[in-house]
Every structure is written in C-alpha cells, then in structure tokens.
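Okay, structure first, notes after.
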Amino acid sequence: MKEFVISEAQTEKAVLVGLITPQQNEQKVKEYLDELDFLADTAGVQTVKKFYQRLDHPHPVTFVGKGKLQEIKEYVVENEVGVVIFDDELSPKQLRNIEKELQVKILDRTNLILDIFAKRAQTAHAKTQVELAQYKYMLPRLTRLWTHLERQRGGVGMRGPGETQLETDRRIILDKIDKLKKDLVEIDKQKSVQRKNRGKMVRVALVGYTNVGKSTLMNLLSKSEVFAENKLFATLDTTVRKVIIENLPFLLSDTVGFIRKLPTELVESFKSTLDEVREADLLVHVVDISHPTFEEQIQVVNKTLSEIDDSEKPMIMVFNKIDAFTFAPKEEDDLTPRTRENVDLEELKKTWMGKMQDNCIFISAKDRTNIEALKEMLYERVKQIHVTRFPYNDFLFQQYDVEE
C-alpha cells in the first residue's frame, strides 16, 4: 500500500462514497458524508461529488458493487478527480482492489483523520501519538515493497535468510511501534511530574465534539491565545491554563475534540493526552447547539468519555453557538411532527434540557453572550470542590461572600 499524504500546496478534487445499510439509513449516511466533506476541507481537499449506494453490507472485495465502482471510475476519469474517500474503514483487500480499478488515491475516513492529525500535531507528545497511530493503521495494509523502510533500517544481519521484503517491512514497522510506545511512556512520565507540580488546585476540563468552540471558550475564560478556527481538530495538544475568577484560582484544560467513527488507533494513542479528563474534578461539556445533530454528538462524547474514564464526575453542559441557532417556523395547518429544524431555542430549552436545571447554560462564545453567568457558575462549582478538599478554608469564602 502506498503512503498518501495530501499536499497543502494544492487543492485536490475528491469524491466521497458512503453506504446506506440496515444499520445506517439514508439520512444518517448523508450526515456522515457531510462530516466527511468537512474533514476533507480541513485536509485541503475539495469535494466535487458524493456517491451513495444501498447495500445490506459492504462488498467484501470492492466495498461498493461493481456497477457503482464503474460509475465512480467514469466520473473520476471524466472530471480529473485525484482522490476517492470512503466513509468507512476499508480492509486491505478492498483498498488494494479499489485502487487497482480506479487508479487514483484511495483514502478511508481513518486515513483522512490520521492525515489531519499529522498536520495538526505540534508538540513531541502529539507527533509521537499520531505516528504510533499511523504505523498501527499501516501494519495490516502492507501489500507492496516498501524500499524506503529498508533504507531506514541499517546494520549487518538485520535481514534473515530467505526473508521477503514484506516480512522485512513488517518487522521494521513493529520495531518502530515498539520504540514509539517506549517514547510515549517517557513523555507520559514527564507529564505526570508536571501534573503533580501543579499541586492540589481544582482541575476543570473542557470536553466535547470537535469544532464546538472549546478553544474559543478557553481563550475567553483564561484570557489566553489558544489556536482556534472553524476546522475540525484545530487543537490536538492539551492546553492547560490557570484561571482566576473572583480571586479563586483553578486549572482549565482544553482537550482534543471527539468525532463519530473515531479510529481505534487514535483512541488508544491519545488516551495519555486525555489524562487531563481522568484527573479533572469537573467536566465542562461544550455542545454546538446550532448543529442539526448535536444530540447525537453529545452521545458520541459521553460514550468516548466512558471509555476513557468510567468514574462519575460532576459535569456542566454548556450549549454554545446560540447566535447561530436557526429554525423554520411551522405553518399553522402543518400537521407533520415537530422536528429539530422547526423548534425554536426557547421551546428546545423546555425539553430534556429543562430537567438539568443549573447543570446547563446557553451561551455564545463568539458574541460573549452569557459568559459572565458561566463564570459565576464555574466559580460556585469550583468553590464547592475547593471547600470539600480544604474545609479549613471554608470560613475564608464565607467571609469573602459577606464582604461582597
């Protein structure tokens, strides 16, 4: 298998491919491909066409049926498309056969996400984690001669008698995986020491789906300049800042965003990055309420959090981007059931969100709407945790509150 890296210097044209199956209906697949389109845009690729096919299950040889593959091929040739991206992870066999038939770059969602992560990684920690995930993804897909790997490994006696190039490459990658794992252990030890040096300060972690505004909120609360843009995975490295609200200090961390169908290799590799989540005293779950499938995004985040840490932690739900919330009012004689698209924000607040009481807040980080109310909420929550941890300081807070 070739190692494809999408160049930032040029915008390549791509087509996206998704399957409608009994497990995911047409609406769901369209949502997935919209997200895949966003991923492609983040990677610097322009989507020009989306292909759908209804099958009971992916074709074991070509993922889609032969007729659909021929249709894709004709479009690719006619429109000079350079990349075909599949929404689900392709097996080595499928990848090999599709590539042979289409004669262009073939990526799946996992490969695309790994490519984005590789570009976004800034620190040695993130770069090591991404490289480890890439090699884990690459290992079962070794189907060609990788002569560049042989050159990276030197020394006499490193290749056994009668050993094929494929076996050599597999052994080289296994060695690299082993080394990267050891490197991560050392980096994690250093980070563990750093966390201990922070003392017993209360820790608050921002969590949420990718591109919901966590970094923008981090900048507002900590008055720092954490990189933020309207792209998926704008932040990979966990950023920790000291925040002071009404003379009460605490540590605030911004973590990598989650996403549907997050590759297993990345979940495993980035577990150490998410130590900030495990060690947090309070989680702030940021949600993009303007997104049409924000409730499913909440489920994805909660599921991922349970995989990282099964302990029950106090959580505040912060529904962000109320400035971008839109809806189309129903006509009076319209008897169709209400949907997310024709329920206004005030009505939405009275649904399941209404039962959360003071465990949720609606804000716009962009317009700074309700930011002061969020700060007050954080102050009260952090204060409760602080007083529990340091009960002898309780009288200081009581005195401070009276003076205020």
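Chain identifiers are assigned as A, B, and so on, following the order in which chains appear in the structure tokens; residues are numbered from 1 within each chain, and ligands are numbered from 1 in order of appearance.
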
So that each row is one residue of segment 247-314 of chain A with an atom at most 8 Å from segment 371-388 of chain A, can you give its shortest atom pair and the distance in Å to one decimal, using only C-alpha atoms, rows by chain and rising number, as JSON lines?
{"residue": "A:Leu248", "atom": "CA", "partner": "A:Tyr379", "partner_atom": "CA", "distance": 7.3}
{"residue": "A:Phe250", "atom": "CA", "partner": "A:Val382", "partner_atom": "CA", "distance": 7.5}
{"residue": "A:Asp281", "atom": "CA", "partner": "A:Ile385", "partner_atom": "CA", "distance": 7.6}
{"residue": "A:Leu282", "atom": "CA", "partner": "A:Val382", "partner_atom": "CA", "distance": 7.9}

Quick one: write out the picked residues with N, CA and C atoms as a short mmCIF file (atom, residue, chain, number, x, y, z; two decimals), in the first residue's frame?
data_model
loop_
_atom_site.label_atom_id
_atom_site.label_comp_id
_atom_site.auth_asym_id
_atom_site.auth_seq_id
_atom_site.Cartn_x
_atom_site.Cartn_y
_atom_site.Cartn_z
N LEU A 248 -10.51 33.24 43.00
CA LEU A 248 -10.46 31.79 43.18
C LEU A 248 -9.74 31.16 41.98
N PHE A 250 -8.11 28.16 39.57
CA PHE A 250 -8.24 26.74 39.22
C PHE A 250 -7.56 26.51 37.88
N ASP A 281 -11.54 17.41 38.13
CA ASP A 281 -12.53 17.40 39.20
C ASP A 281 -13.91 17.78 38.67
N LEU A 282 -13.93 18.51 37.54
CA LEU A 282 -15.18 18.99 36.96
C LEU A 282 -15.03 18.98 35.44
#

Between A:Glu12, A:Leu112, A:Phe390, A:Thr62, which has the minimum distance to Glu80 of chain A (counting only C-alpha atoms)? A:Glu12
